[in-house]
Amino acid sequence: MDQQRIVPSHLQWFGLTDRGKVRPNNEDSFLCLQFDALELRYLGKIGEAASESADFVFAVSDGMGGAMAGEFASRVAVEKITRLLPPAFKRSAAGLPIDFEDVLEELFSEIHNALMYLGSTDPDCSGMGATLSMCWFTPGWMYFGHIGDSRIYYFPEREGGIKQVSHDDTHVGWLFRNAKISEWEARQHPRRNALQRALGAGHQFVDPQVGAVAFEPGDLFLLCTDGLVDGLYDAQILEILHASKPFGGQSNPAQRLVHTAVAQAGRDNTTALVIEAR
């Protein structure tokens with residue numbers, strides 16, 4: 001089956017974050033990164049690049065904690081990625097076997113330990129933590145790691161529709177996944193933001209969700225923080241992305257998603273990162 005798939009040769013991405021209408025600072029962070037066996041390069045919030053000879057990582061993180069600790073926590077989460085993934089690429093490029101699940105689990109564990117250490121040694125960072133949703137793109141495959149209630153969505157061109165790849169680490173998320181409550185009920189639930197898992201934040205263990213998605217030209221991925229889904233239903237997200245095509249020029253799908261979500265809610269920081277395989 002894999003041999004019949006067409007492997008995309010380019011990735012195009014759009015990212016935007018907004019502090020919203022209520023919060024005084026933005027505790028969200030996002031990352032766009034390209035790396036190969038020789039170098040690592042930070043990418044702008046909008047861009048396009050060939051994907052045949054380099055890997056890409058896109059990530060969003062929502063920090064939590066008092067004062068500026070949440071903002072610091074989300075930055076720690078995304079910056080750790082830059083240190084741990086390039087060695088994995090080098091092993092793969094050298095023909096050595098690599099287990100993406102082990103790599104991602106190690107990465108999440110390293111971030112968790114860093115946040116726990118900072119939280120225990122600096123009173124200003126006490127209790128700080130972060131969500132993290134990240135996508136690691138290799139030719140034809142997207143490997144993902146996730147913890148918290150930020151989200152990863154997949155939009156397959158052939159099948160159409162919207163698929164939430166990540167699981168919200170909340171009891172409300174469990175209720176919705178098991179069809180015990182509707183999307184509307186989940187969005188109104190008073191405990192919808194009560195996290196059961198996160199990086200740092202006093203959690204003793206970290207157990208990220210990891211997985212892989214095979215993708216083809218025309219497929220889309222969306223990484224977003226909970227501020228976006230606070231303002232938009234899944235059907236609205238799909239409608240905005242379809243209305244934004246073709247992407248590029250004056251059509252920035254991340255901008256449309258964030259601006260619409262903030263206009264309709266805006267109670268939280270709001271971040272969207274849209275990736276299109278081409």
# chains A, B, ... in the order shown; residues from 1 in each chain; ligands from 1
>>> select_by_dssp(residues="segment 93-148 of chain A", states="strand (DSSP E or B)", output="list in words")
Gly129, Ala130, Leu132, Ser133, Met134, Cys135, Trp136, Phe137, Thr138, Trp141, Met142, Tyr143, Phe144, Gly145, His146 and Ile147 of chain A
>>> write_last_selection(atoms="N, CA and C atoms", output="PDB file, in the first residue's frame")
ATOM      1  N   GLY A 129       4.191  24.573  34.265  1.00  0.00           N
ATOM      2  CA  GLY A 129       4.091  23.409  33.398  1.00  0.00           C
ATOM      3  C   GLY A 129       3.680  23.837  32.002  1.00  0.00           C
ATOM      4  N   ALA A 130       3.498  22.867  31.120  1.00  0.00           N
ATOM      5  CA  ALA A 130       3.153  23.186  29.737  1.00  0.00           C
ATOM      6  C   ALA A 130       2.529  21.980  29.055  1.00  0.00           C
ATOM      7  N   LEU A 132       2.273  20.193  25.222  1.00  0.00           N
ATOM      8  CA  LEU A 132       3.122  20.159  24.032  1.00  0.00           C
ATOM      9  C   LEU A 132       2.500  19.227  22.996  1.00  0.00           C
ATOM     10  N   SER A 133       2.303  19.763  21.807  1.00  0.00           N
ATOM     11  CA  SER A 133       1.849  18.964  20.663  1.00  0.00           C
ATOM     12  C   SER A 133       2.826  19.228  19.534  1.00  0.00           C
ATOM     13  N   MET A 134       3.465  18.183  19.037  1.00  0.00           N
ATOM     14  CA  MET A 134       4.496  18.374  18.007  1.00  0.00           C
ATOM     15  C   MET A 134       4.379  17.350  16.898  1.00  0.00           C
ATOM     16  N   CYS A 135       4.717  17.789  15.698  1.00  0.00           N
ATOM     17  CA  CYS A 135       4.708  16.944  14.507  1.00  0.00           C
ATOM     18  C   CYS A 135       6.096  16.947  13.892  1.00  0.00           C
ATOM     19  N   TRP A 136       6.639  15.763  13.655  1.00  0.00           N
ATOM     20  CA  TRP A 136       7.972  15.573  13.080  1.00  0.00           C
ATOM     21  C   TRP A 136       7.760  14.977  11.680  1.00  0.00           C
ATOM     22  N   PHE A 137       8.045  15.781  10.664  1.00  0.00           N
ATOM     23  CA  PHE A 137       7.810  15.370   9.283  1.00  0.00           C
ATOM     24  C   PHE A 137       9.065  14.801   8.653  1.00  0.00           C
ATOM     25  N   THR A 138       8.962  13.552   8.187  1.00  0.00           N
ATOM     26  CA  THR A 138       9.976  12.913   7.360  1.00  0.00           C
ATOM     27  C   THR A 138       9.292  12.613   6.022  1.00  0.00           C
ATOM     28  N   TRP A 141       5.917  10.577   6.038  1.00  0.00           N
ATOM     29  CA  TRP A 141       5.408  10.205   7.357  1.00  0.00           C
ATOM     30  C   TRP A 141       5.497  11.375   8.332  1.00  0.00           C
ATOM     31  N   MET A 142       4.455  11.519   9.132  1.00  0.00           N
ATOM     32  CA  MET A 142       4.455  12.492  10.217  1.00  0.00           C
ATOM     33  C   MET A 142       4.388  11.714  11.528  1.00  0.00           C
ATOM     34  N   TYR A 143       5.418  11.887  12.353  1.00  0.00           N
ATOM     35  CA  TYR A 143       5.440  11.294  13.686  1.00  0.00           C
ATOM     36  C   TYR A 143       5.043  12.373  14.689  1.00  0.00           C
ATOM     37  N   PHE A 144       4.203  12.022  15.638  1.00  0.00           N
ATOM     38  CA  PHE A 144       3.738  13.042  16.559  1.00  0.00           C
ATOM     39  C   PHE A 144       3.881  12.609  18.009  1.00  0.00           C
ATOM     40  N   GLY A 145       4.031  13.609  18.850  1.00  0.00           N
ATOM     41  CA  GLY A 145       4.024  13.422  20.286  1.00  0.00           C
ATOM     42  C   GLY A 145       3.110  14.465  20.893  1.00  0.00           C
ATOM     43  N   HIS A 146       2.426  14.105  21.973  1.00  0.00           N
ATOM     44  CA  HIS A 146       1.411  15.020  22.516  1.00  0.00           C
ATOM     45  C   HIS A 146       1.179  14.760  23.986  1.00  0.00           C
ATOM     46  N   ILE A 147       0.987  15.863  24.728  1.00  0.00           N
ATOM     47  CA  ILE A 147       0.517  15.769  26.103  1.00  0.00           C
ATOM     48  C   ILE A 147      -0.216  17.064  26.433  1.00  0.00           C
TER      49      ILE A 147
END
>>> closest_residue(among="A:Leu118, A:Ala50, A:Ala59, A:Ile181", to="Ala272 of chain A", atoms="only C-alpha atoms")
A:Ala59
>>> closest_residue(among="A:Asp230, A:Glu183, A:Glu159, A:Asp149", to="Glu216 of chain A", atoms="only C-alpha atoms")
A:Glu159
>>> closest_residue(among="A:Arg256, A:Ser126, A:Gly140, A:Asp268", to="Asn25 of chain A", atoms="only C-alpha atoms")
A:Asp268
>>> residues_around(residues="Ser251 of chain A", least_positions_apart="6", cutoff="12 Å", atoms="only C-alpha atoms", output="list in words")
Trp13, Phe14, Ile46, Ile240, Leu241, His242, Ala243, Ser244, Lys245 and Leu257 of chain A
>>> write_last_selection(atoms="N, CA and C atoms", output="PDB file, in the first residue's frame")
ATOM      1  N   TRP A  13       3.805  26.160   5.349  1.00  0.00           N
ATOM      2  CA  TRP A  13       3.277  26.329   6.699  1.00  0.00           C
ATOM      3  C   TRP A  13       2.941  27.792   6.987  1.00  0.00           C
ATOM      4  N   PHE A  14       2.001  27.945   7.934  1.00  0.00           N
ATOM      5  CA  PHE A  14       1.528  29.261   8.366  1.00  0.00           C
ATOM      6  C   PHE A  14       1.296  29.192   9.868  1.00  0.00           C
ATOM      7  N   ILE A  46       5.810  31.865   8.439  1.00  0.00           N
ATOM      8  CA  ILE A  46       5.220  31.537   7.141  1.00  0.00           C
ATOM      9  C   ILE A  46       6.342  31.104   6.219  1.00  0.00           C
ATOM     10  N   ILE A 240     -13.291  27.093   7.503  1.00  0.00           N
ATOM     11  CA  ILE A 240     -12.328  28.179   7.316  1.00  0.00           C
ATOM     12  C   ILE A 240     -11.144  27.722   6.469  1.00  0.00           C
ATOM     13  N   LEU A 241     -10.666  26.516   6.710  1.00  0.00           N
ATOM     14  CA  LEU A 241      -9.540  26.011   5.923  1.00  0.00           C
ATOM     15  C   LEU A 241      -9.920  25.824   4.454  1.00  0.00           C
ATOM     16  N   HIS A 242     -11.104  25.294   4.203  1.00  0.00           N
ATOM     17  CA  HIS A 242     -11.556  25.135   2.817  1.00  0.00           C
ATOM     18  C   HIS A 242     -11.723  26.491   2.134  1.00  0.00           C
ATOM     19  N   ALA A 243     -12.255  27.464   2.869  1.00  0.00           N
ATOM     20  CA  ALA A 243     -12.475  28.787   2.294  1.00  0.00           C
ATOM     21  C   ALA A 243     -11.174  29.535   2.049  1.00  0.00           C
ATOM     22  N   SER A 244     -10.104  29.113   2.727  1.00  0.00           N
ATOM     23  CA  SER A 244      -8.810  29.794   2.597  1.00  0.00           C
ATOM     24  C   SER A 244      -7.987  29.303   1.408  1.00  0.00           C
ATOM     25  N   LYS A 245      -8.380  28.176   0.803  1.00  0.00           N
ATOM     26  CA  LYS A 245      -7.601  27.620  -0.300  1.00  0.00           C
ATOM     27  C   LYS A 245      -7.813  28.397  -1.585  1.00  0.00           C
ATOM     28  N   LEU A 257      -7.964  31.523  11.075  1.00  0.00           N
ATOM     29  CA  LEU A 257      -8.413  30.713  12.202  1.00  0.00           C
ATOM     30  C   LEU A 257      -8.290  31.476  13.517  1.00  0.00           C
TER      31      LEU A 257
END
>>> select_by_dssp(residues="segment 39-198 of chain A", states="helix (DSSP H, G or I)", output="number ranges by chain")
A: 69-93, 100-121, 123-125, 171-177, 183-188
>>> atom_distance(atom1="atom CA of Gln209 of chain A", atom2="atom CA of Phe58 of chain A")
16.1 Å
>>> atom_distance(atom1="atom CA of Val165 of chain A", atom2="atom CA of His259 of chain A")
23.4 Å
>>> closest_residue(among="A:Gly227, A:Gly218, A:Gly44, A:Pro24", to="Glu276 of chain A", atoms="only C-alpha atoms")
A:Gly218
>>> residues_around(residues="Leu175 of chain A", least_positions_apart="6", cutoff="12 Å", atoms="only C-alpha atoms", output="PyMOL selection string")
chain A and resi 167-169+181-183+185-187+189+191-192
>>> write_last_selection(atoms="N, CA and C atoms", output="PDB file, in the first residue's frame")
ATOM      1  N   HIS A 167      -5.270  13.208  21.669  1.00  0.00           N
ATOM      2  CA  HIS A 167      -6.321  13.044  22.662  1.00  0.00           C
ATOM      3  C   HIS A 167      -6.174  14.128  23.730  1.00  0.00           C
ATOM      4  N   ASP A 168      -7.251  14.820  24.035  1.00  0.00           N
ATOM      5  CA  ASP A 168      -7.200  15.788  25.130  1.00  0.00           C
ATOM      6  C   ASP A 168      -6.974  15.043  26.444  1.00  0.00           C
ATOM      7  N   ASP A 169      -5.956  15.456  27.197  1.00  0.00           N
ATOM      8  CA  ASP A 169      -5.653  14.803  28.474  1.00  0.00           C
ATOM      9  C   ASP A 169      -6.496  15.410  29.598  1.00  0.00           C
ATOM     10  N   ILE A 181     -20.624  12.412  25.878  1.00  0.00           N
ATOM     11  CA  ILE A 181     -21.119  13.777  25.783  1.00  0.00           C
ATOM     12  C   ILE A 181     -20.876  14.266  24.357  1.00  0.00           C
ATOM     13  N   SER A 182     -21.605  15.304  23.959  1.00  0.00           N
ATOM     14  CA  SER A 182     -21.465  15.864  22.617  1.00  0.00           C
ATOM     15  C   SER A 182     -20.338  16.900  22.584  1.00  0.00           C
ATOM     16  N   GLU A 183     -19.970  17.340  21.380  1.00  0.00           N
ATOM     17  CA  GLU A 183     -18.958  18.387  21.260  1.00  0.00           C
ATOM     18  C   GLU A 183     -19.429  19.651  21.966  1.00  0.00           C
ATOM     19  N   GLU A 185     -21.496  19.865  24.550  1.00  0.00           N
ATOM     20  CA  GLU A 185     -21.418  19.645  26.000  1.00  0.00           C
ATOM     21  C   GLU A 185     -19.978  19.701  26.491  1.00  0.00           C
ATOM     22  N   ALA A 186     -19.052  19.165  25.690  1.00  0.00           N
ATOM     23  CA  ALA A 186     -17.638  19.210  26.071  1.00  0.00           C
ATOM     24  C   ALA A 186     -17.141  20.646  26.142  1.00  0.00           C
ATOM     25  N   ARG A 187     -17.584  21.471  25.208  1.00  0.00           N
ATOM     26  CA  ARG A 187     -17.142  22.867  25.171  1.00  0.00           C
ATOM     27  C   ARG A 187     -17.724  23.686  26.322  1.00  0.00           C
ATOM     28  N   HIS A 189     -18.514  22.333  29.362  1.00  0.00           N
ATOM     29  CA  HIS A 189     -18.279  21.655  30.639  1.00  0.00           C
ATOM     30  C   HIS A 189     -17.365  22.488  31.536  1.00  0.00           C
ATOM     31  N   ARG A 191     -15.301  21.618  33.725  1.00  0.00           N
ATOM     32  CA  ARG A 191     -13.997  20.990  33.980  1.00  0.00           C
ATOM     33  C   ARG A 191     -13.229  20.724  32.691  1.00  0.00           C
ATOM     34  N   ARG A 192     -13.605  21.385  31.625  1.00  0.00           N
ATOM     35  CA  ARG A 192     -12.989  21.081  30.325  1.00  0.00           C
ATOM     36  C   ARG A 192     -11.489  21.398  30.290  1.00  0.00           C
TER      37      ARG A 192
END
>>> atom_distance(atom1="atom CA of Glu105 of chain A", atom2="atom CA of Asp62 of chain A")
18.9 Å
>>> residues_around(residues="Leu222 of chain A", least_positions_apart="6", cutoff="8 Å", atoms="only C-alpha atoms", output="list in words")
Arg151, Ile152, Tyr153, Tyr154, Ala272, Leu273, Val274 and Ile275 of chain A
>>> closest_residue(among="A:Val22, A:Ile162, A:Ala277, A:Val258", to="Glu239 of chain A", atoms="only C-alpha atoms")
A:Ile162
>>> closest_residue(among="A:Asp55, A:Asp99, A:Asp36, A:Glu106", to="Leu84 of chain A", atoms="only C-alpha atoms")
A:Glu106
>>> residues_around(residues="Val262 of chain A", least_positions_apart="6", cutoff="12 Å", atoms="only C-alpha atoms", output="PyMOL selection string")
chain A and resi 16-23+226-232+255-256+268-272
